[in-house]
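Structure, as structure tokens:
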Amino acid sequence: MTVRRSAAALAVTAAALCASAAPAAVAAPSPSPSAALPSGLYGTNDPTYDGVWRQSLAFLAQQAVGVTPATKAVDWLTGQQCDNGAFPAYRADTSAPCTDKTVVDTNATAAAAQALRAIGGHQDALDSAVGWLKSVQNEDGGWGYTAGSPSDANSTSIVIGALARAGQKLGDVTTDGGKTPYAALLTFSIPCGGKEGGAFAYQPDKAGKLAANGDATAAGVLGALGKGLVVTDHAAVKAPACHDGSPLEPEQAAQNGAAYLAGTLAANGGHLNTPPMPGAEDSEPQPDFGNTADAVVALSAAGHKDKAAASVAWLKKNSAVWAEQSGPAAYAQLILAARATGADVRDFGGANLVTELNATGPEPAAVEKPKPAGTEDEEKKDSGDGDGIGGVWWFVGIGLAVGAGAGFLISGRRKNQQL
């Protein structure tokens with residue numbers, strides 16, 4: 001789940017120019033002293049390129065740990081939506097309707113759709129967002145960052161996650177030519193063999209060549225599994241391996257990507273590195289905290305939680321300064337990585353990620369008190385696992401229904417998550 005919105009300006013430019021490589025991460029500018037930020041918005045950095053993204057990730061992470069965001073925070077997010085269902089990265093004046101000059105994008109819309117699904121109570125807004133996403137599907141079955149721009153792995157994956165969380169059957173989301181979202185996503189999967197085998201590329205270059213991209217791979221694994229940005233249900237643990245397939249199935253592509261991530265994380269001491277800036281290929285690699293957190297989520301979703309353990313330990317030890325500087329999306333990514341692997345979100349390397357995320361926005365409407373360790377096991381023991389009085393099936397027999405809310409996940413997306 002990359003912390004990516006600080007790179008959104010470059011992503012828009014790249015999409016407009018039909019660029020072949022993923023946008024590089026840059027620092028988001030700080031707002032001018034006279035520019036007062038909305039009271040319902042999370043974070044204090046300039047929201048121009050990531051306002052909706054960071055708000056959506058904050059809601060997703062909060063929902064996953066039992067926090068209900070403030071009404072004004074939710075109102076801010078829903079107020080960003082245009083009449084056609086799409087979301088921009090940020091619009092300061094929501095009193096005026098969106099126009100054809102309002103830059104909306106698939107990533108903000110897909111992230112917001114997942115957040116709306118998670119917090120509930122906004123079905124019309126969710127349906128409208130889903131409708132817009134389906135309306136701008138490319139002929140190859142995928143999505144680019146902006147409507148009509150060439151498909152890329154990150155955008156296609158986060159839209160897949162949004163559609164899946166909204167209850168859409170992905171096999172039925174097709175173009176006039178019968179292309180599904182998976183058809184596009186699989187074109188970014190690099191065949192097994194060699195150093196980059198199994199990875200996902202962001203997009204092919206001008207010559208059609210695919211180059212491994214850690215951010216795109218983390219996103220691609222989730223997309224190929226039909227997962228959103230929040231992962232709490234884990235596949236059975238299995239050994240990562242790259243499998244050739246012809247044709248390649250989505251599950252195979254996901255496992256191939258997971259194998260690439262596991263190997264790359266192990267080789268780097270538990271973390272991914274940022275790609276070199278153009279013209280600086282010989283520079284010293286720098287750790288990429290956001291994409292490492294996203295890789296943890298992807299590995300867990302694919303059934304390799306054990307292979308993410310070293311990365312979780314590395315994040316616990318090294319991510320505090322990065323998260324403090326980056327803001328809500330960074331804290332959200334760490335929470336989602338911790339939740340995906342069963343780590344303690346309230347003692348993550350000594351940091352209470354829930355408290356720190358909550359502090360970046362308006363006071364939550366409610367915060368669920370965490371259960372003491374062992375409480376869940378004790379409750380199961382007390383209630384009984386059989387069919388006798390007090391057991392699960394006795395309650396079912398007398399008609400007691402218990403509803404459970406589902407958490408959902410983005411990577412992508414990812415690039416450099418600055419707020």
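Ligands are numbered from 1 in the order shown, residues from 1 within each chain, and chains are lettered A, B, ... in the order they appear in the structure tokens.
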*Leaving out stretch 304-318 of chain A and any residue of its chain fewer than 6 positions from it, which residues lie within 9 Å of it when counting only C-alpha atoms, given as a PyMOL selection string?*
chain A and resi 234-240+258-259+262+265-266+269-271+289+292-293+295-298+334+337-338+340-341+343+348-351
_Residues within 7 Å of A:Asn107, please, as an MDAnalysis selection string. Count only C-alpha atoms; anything in the same chain fewer than 6 positions from it doesn't count._
chainID A and resid 145 155 158
*Atomic distance atom CA of A:Asn138 - atom CA of A:Gly223, expressed in Å with one decimal*: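 Atom-to-atom, atom CA of A:Asn138 to atom CA of A:Gly223, that is 16.3 Å.
Going from atom CA of A:Gly177 over to atom CA of A:Ala111, you cover 27.0 Å.
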*asked:* If you run DSSP on the backbone here, which positions in stretch 70-240 of chain A get alpha helix (DSSP H)? Please write them as a ChimeraX atom specification.
replied: /A:71-79,106-119,123-135,153-165,181-186,214-224
_Between atom CA of A:Leu57 and atom CA of A:Ala332, distance in Å (one decimal)_ =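 That distance, rounded to one decimal, is 5.9 Å.
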Could you build a table of the residues in stretch 145-188 of chain A lying no more than 12 Å from stretch 207-215 of chain A, giving for each the nearest pair of atoms and their separation in Å rounded to one decimal place, using only C-alpha atoms, ordered by chain and ascending residue number, as a tab-separated table?
```
residue	atom	partner	partner_atom	distance
A:Asp152	CA	A:Leu210	CA	11.5
A:Ala153	CA	A:Asp215	CA	9.3
A:Asn154	CA	A:Asp215	CA	7.7
A:Ser155	CA	A:Asp215	CA	11.3
A:Ser157	CA	A:Asp215	CA	11.2
A:Leu186	CA	A:Leu210	CA	11.8
A:Thr187	CA	A:Leu210	CA	9.2
A:Phe188	CA	A:Leu210	CA	7.0
```
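The smallest atom-to-atom distance between A:Ala70 and any of A:Pro97, A:Gly40, A:Gly142, A:Gly121, using only C-alpha atoms, is found for A:Gly40.
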_Calculated over only C-alpha atoms, which of the candidates A:Ala302, A:Leu225, A:Ala96, A:Ile190 has the smallest distance to A:Ile160?_
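Among A:Ala302, A:Leu225, A:Ala96, A:Ile190, it is A:Leu225 that comes nearest to A:Ile160.
Residues in contact with A:Tyr42 at up to 7 Å, not including ones fewer than 3 positions away on its chain and judged by only C-alpha atoms, are Gln55, Pro328, Thr360 and Gly361 of chain A.
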*Going by DSSP on the backbone, which bits of stretch 266-298 of chain A are strand (DSSP E)? Write them as a PyMOL selection string, please.*
chain A and resi 272-273+287-288
